[in-house]
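First the structure, in the form of structure tokens, and then the observations on it.
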Amino acid sequence: MSGKACSTRSVAIVTGAAGDIGRAISLRLSDGHDVVVLADLDGEAAGRLARELGEGRFVAIACDVTEVASVAAMAAAASGLGTVTTLVNNAGGARAVSLQETTPEVWRSDNALNLEAAFLCFRAVEDMLKESRGSVVNIASVNAVGVFGHPAYSAAKAGLLHLTRLIAVEYGKFGIRANAVAPGTVRTHAWEARARANPQVFEEAQRWYPLQRIVNPEDVANAVHFLAGPQASAITGVCLPVDCGLTAGQAELARTFSQSSHY
């Protein structure tokens with residue numbers, strides 16, 4: 001294929017693509033993009049996913065999103081596949097559950113993965129997004145807006161929301177939109193493993209959610225697809241909770257307070 005023909009192809013980049021949420025996002029973004037780059041630290045897992053979903057439309061690239069050189073190499077490879085129109089900063093993870101258990105090393109590593117990596121990836125493709133007047137979607141968390149444990153991860157995700165707004169405000173003049181999705185508990189393989197150890201884990205979690213269920217990876221993917229697409233062309237700088245109502249409030253607490261007198 002000629003370079004001119006290649007440049008007309010629209011490319012979406014999804015970091016952390018080999019995980020359950022990344023897989024769902026990548027598959028959903030194939031509707032509206034010619035090529036989806038599956039960027040993941042585990043290059044072999046990303047390669048297996050590309051073969052599963054369809055090589056050609058899906059291209060695996062091994063990338064450590066916390067390393068400048070690795071991110072630059074990923075961005076260069078993506079630019080060779082077409083015009084980058086969408087960046088989804090999905091890579092993330094948490095370790096320490098409480099602030100007391102959080103060491104300086106954990107604090108720094110969680111911030112590097114959950115906040116700094118999104119900054120590095122955006123800066124690596126910002127010129128391409130200017131050219132395409134493209135879109136950034138950052139995967140945050142309900143932890144960014146409330147205290148649900150995992151303090152280093154939560155602080156980083158809160159920072160990610162501000163980074164989202166910074167991009168929206170400073171780069172809007174270039175036609176770049178930036179939004180965030182904040183999932184609640186997502187039913188991934190990690191949660192399935194917990195369920196095997198504790199069969200009641202989903203029931204225990206669901207009681208806090210007004211919809212009486214937890215989020216599926218496809219729920220997150222649908223929100224990303226909407227925010228990245230033309231139907232959201234006037235939406236930028238927002239955080240869309242995909243949390244089955246968790247951050248709206250808890251019915252049990254509401255009933256408790258309604259039965260009490262507060263003056």
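By order in the structure tokens, chains are A, B, ...; within a chain, residues start at 1; ligands start at 1, following the order shown.
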Could you pull the residues within 6 Å of segment 147-149 of chain A, counting only C-alpha atoms, minus those fewer than 4 positions along the same chain, as a list in words?
Val97, Ser98 and Asn143 of chain A
Would you pick out the contacts of segment 41-54 of chain A at 6 Å or less, using only C-alpha atoms, so that residues sharing its chain but fewer than 5 positions from it are not included, and give the list as a VMD selection string?
chain A and resid 18 59 to 60 62 to 64
Determine, counting only C-alpha atoms, which protein, DNA and RNA residues have an atom within 10 Å of an atom of Ala234 of chain A; residues of the same chain fewer than 4 positions away are not included. Present the result as a PyMOL selection string.
chain A and resi 177+227+230
Can I get the selected residues back with N, CA and C atoms, as a PDB file, in the first residue's frame?
ATOM      1  N   ARG A 177     -10.234  17.036  21.284  1.00  0.00           N
ATOM      2  CA  ARG A 177     -11.124  16.864  22.425  1.00  0.00           C
ATOM      3  C   ARG A 177     -10.489  15.880  23.415  1.00  0.00           C
ATOM      4  N   LEU A 227     -17.532   8.811  23.346  1.00  0.00           N
ATOM      5  CA  LEU A 227     -16.746  10.021  23.561  1.00  0.00           C
ATOM      6  C   LEU A 227     -15.724  10.255  22.459  1.00  0.00           C
ATOM      7  N   PRO A 230     -18.058  10.984  16.552  1.00  0.00           N
ATOM      8  CA  PRO A 230     -18.654  12.248  16.099  1.00  0.00           C
ATOM      9  C   PRO A 230     -19.885  12.679  16.887  1.00  0.00           C
TER      10      PRO A 230
END
Residue list (strand (DSSP E), DSSP) for segment 144-250 of chain A, as a ChimeraX atom specification
/A:177-183,239-242
Go ahead and dump the residues you just picked, all heavy atoms, as an mmCIF file, in the first residue's frame.
data_model
loop_
_atom_site.group_PDB
_atom_site.id
_atom_site.type_symbol
_atom_site.label_atom_id
_atom_site.label_comp_id
_atom_site.auth_asym_id
_atom_site.auth_seq_id
_atom_site.Cartn_x
_atom_site.Cartn_y
_atom_site.Cartn_z
ATOM 1 N N ARG A 177 -10.234 17.036 21.284
ATOM 2 C CA ARG A 177 -11.124 16.864 22.425
ATOM 3 C C ARG A 177 -10.489 15.880 23.415
ATOM 4 O O ARG A 177 -9.813 14.947 22.993
ATOM 5 C CB ARG A 177 -12.492 16.328 21.982
ATOM 6 C CG ARG A 177 -13.277 17.293 21.112
ATOM 7 C CD ARG A 177 -14.665 16.773 20.785
ATOM 8 N NE ARG A 177 -14.644 15.487 20.109
ATOM 9 C CZ ARG A 177 -14.991 14.333 20.666
ATOM 10 N NH1 ARG A 177 -15.389 14.276 21.931
ATOM 11 N NH2 ARG A 177 -14.953 13.203 19.975
ATOM 12 N N ALA A 178 -10.733 16.114 24.688
ATOM 13 C CA ALA A 178 -10.219 15.210 25.721
ATOM 14 C C ALA A 178 -11.303 14.985 26.761
ATOM 15 O O ALA A 178 -11.873 15.947 27.288
ATOM 16 C CB ALA A 178 -8.971 15.782 26.385
ATOM 17 N N ASN A 179 -11.587 13.735 27.032
ATOM 18 C CA ASN A 179 -12.595 13.363 28.017
ATOM 19 C C ASN A 179 -12.101 12.164 28.815
ATOM 20 O O ASN A 179 -11.133 11.503 28.433
ATOM 21 C CB ASN A 179 -13.915 13.026 27.328
ATOM 22 C CG ASN A 179 -14.541 14.234 26.665
ATOM 23 O OD1 ASN A 179 -15.000 15.157 27.318
ATOM 24 N ND2 ASN A 179 -14.543 14.244 25.327
ATOM 25 N N ALA A 180 -12.781 11.889 29.910
ATOM 26 C CA ALA A 180 -12.418 10.751 30.756
ATOM 27 C C ALA A 180 -13.642 9.901 31.029
ATOM 28 O O ALA A 180 -14.777 10.386 31.024
ATOM 29 C CB ALA A 180 -11.813 11.231 32.071
ATOM 30 N N VAL A 181 -13.389 8.629 31.250
ATOM 31 C CA VAL A 181 -14.408 7.685 31.694
ATOM 32 C C VAL A 181 -13.982 7.184 33.065
ATOM 33 O O VAL A 181 -12.815 6.831 33.264
ATOM 34 C CB VAL A 181 -14.535 6.502 30.709
ATOM 35 C CG1 VAL A 181 -15.469 5.435 31.268
ATOM 36 C CG2 VAL A 181 -15.024 6.984 29.354
ATOM 37 N N ALA A 182 -14.914 7.184 34.010
ATOM 38 C CA ALA A 182 -14.599 6.753 35.372
ATOM 39 C C ALA A 182 -15.422 5.516 35.720
ATOM 40 O O ALA A 182 -16.554 5.628 36.189
ATOM 41 C CB ALA A 182 -14.876 7.874 36.371
ATOM 42 N N PRO A 183 -14.872 4.330 35.500
ATOM 43 C CA PRO A 183 -15.613 3.104 35.827
ATOM 44 C C PRO A 183 -15.662 2.845 37.330
ATOM 45 O O PRO A 183 -14.776 3.254 38.081
ATOM 46 C CB PRO A 183 -14.798 1.996 35.121
ATOM 47 C CG PRO A 183 -13.852 2.720 34.209
ATOM 48 C CD PRO A 183 -13.597 4.039 34.843
ATOM 49 N N CYS A 239 -15.852 14.238 32.644
ATOM 50 C CA CYS A 239 -15.631 12.892 33.172
ATOM 51 C C CYS A 239 -16.979 12.191 33.211
ATOM 52 O O CYS A 239 -17.902 12.660 33.884
ATOM 53 C CB CYS A 239 -15.018 12.948 34.571
ATOM 54 S SG CYS A 239 -14.893 11.336 35.367
ATOM 55 N N LEU A 240 -17.089 11.096 32.499
ATOM 56 C CA LEU A 240 -18.337 10.338 32.420
ATOM 57 C C LEU A 240 -18.248 9.128 33.349
ATOM 58 O O LEU A 240 -17.511 8.182 33.065
ATOM 59 C CB LEU A 240 -18.590 9.889 30.987
ATOM 60 C CG LEU A 240 -19.811 8.988 30.742
ATOM 61 C CD1 LEU A 240 -21.100 9.693 31.158
ATOM 62 C CD2 LEU A 240 -19.876 8.570 29.276
ATOM 63 N N PRO A 241 -18.969 9.128 34.461
ATOM 64 C CA PRO A 241 -18.959 7.947 35.324
ATOM 65 C C PRO A 241 -19.676 6.781 34.642
ATOM 66 O O PRO A 241 -20.770 6.952 34.101
ATOM 67 C CB PRO A 241 -19.728 8.395 36.570
ATOM 68 C CG PRO A 241 -19.761 9.890 36.511
ATOM 69 C CD PRO A 241 -19.777 10.215 35.051
ATOM 70 N N VAL A 242 -19.059 5.630 34.658
ATOM 71 C CA VAL A 242 -19.694 4.393 34.180
ATOM 72 C C VAL A 242 -19.623 3.454 35.377
ATOM 73 O O VAL A 242 -18.730 2.620 35.496
ATOM 74 C CB VAL A 242 -18.965 3.823 32.952
ATOM 75 C CG1 VAL A 242 -19.625 2.535 32.478
ATOM 76 C CG2 VAL A 242 -18.950 4.848 31.820
#
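Considering the residues A:Asn89, A:Asn114, A:Gln206, A:Ser132 and counting only C-alpha atoms, Pro151 of chain A has its shortest atom-to-atom contact with A:Asn114.
In this comparison, which uses only C-alpha atoms, the residue of A:Thr236, A:Ser70, A:Asn222, A:Gln231 approaching Leu120 of chain A most closely is A:Ser70.
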So how many Å separate atom CA of Gly22 of chain A and atom CA of Asn90 of chain A, to one decimal?
6.5 Å
Residues flagged helix (DSSP H, G or I) by DSSP in segment 155-203 of chain A, as an NGL selection string:
:A and (155-174 or 189-197 or 201-203)
Go ahead and compute the interatomic distance for atom CA of Gly245 of chain A and atom CA of Gly146 of chain A, in Å to one decimal.
13.1 Å
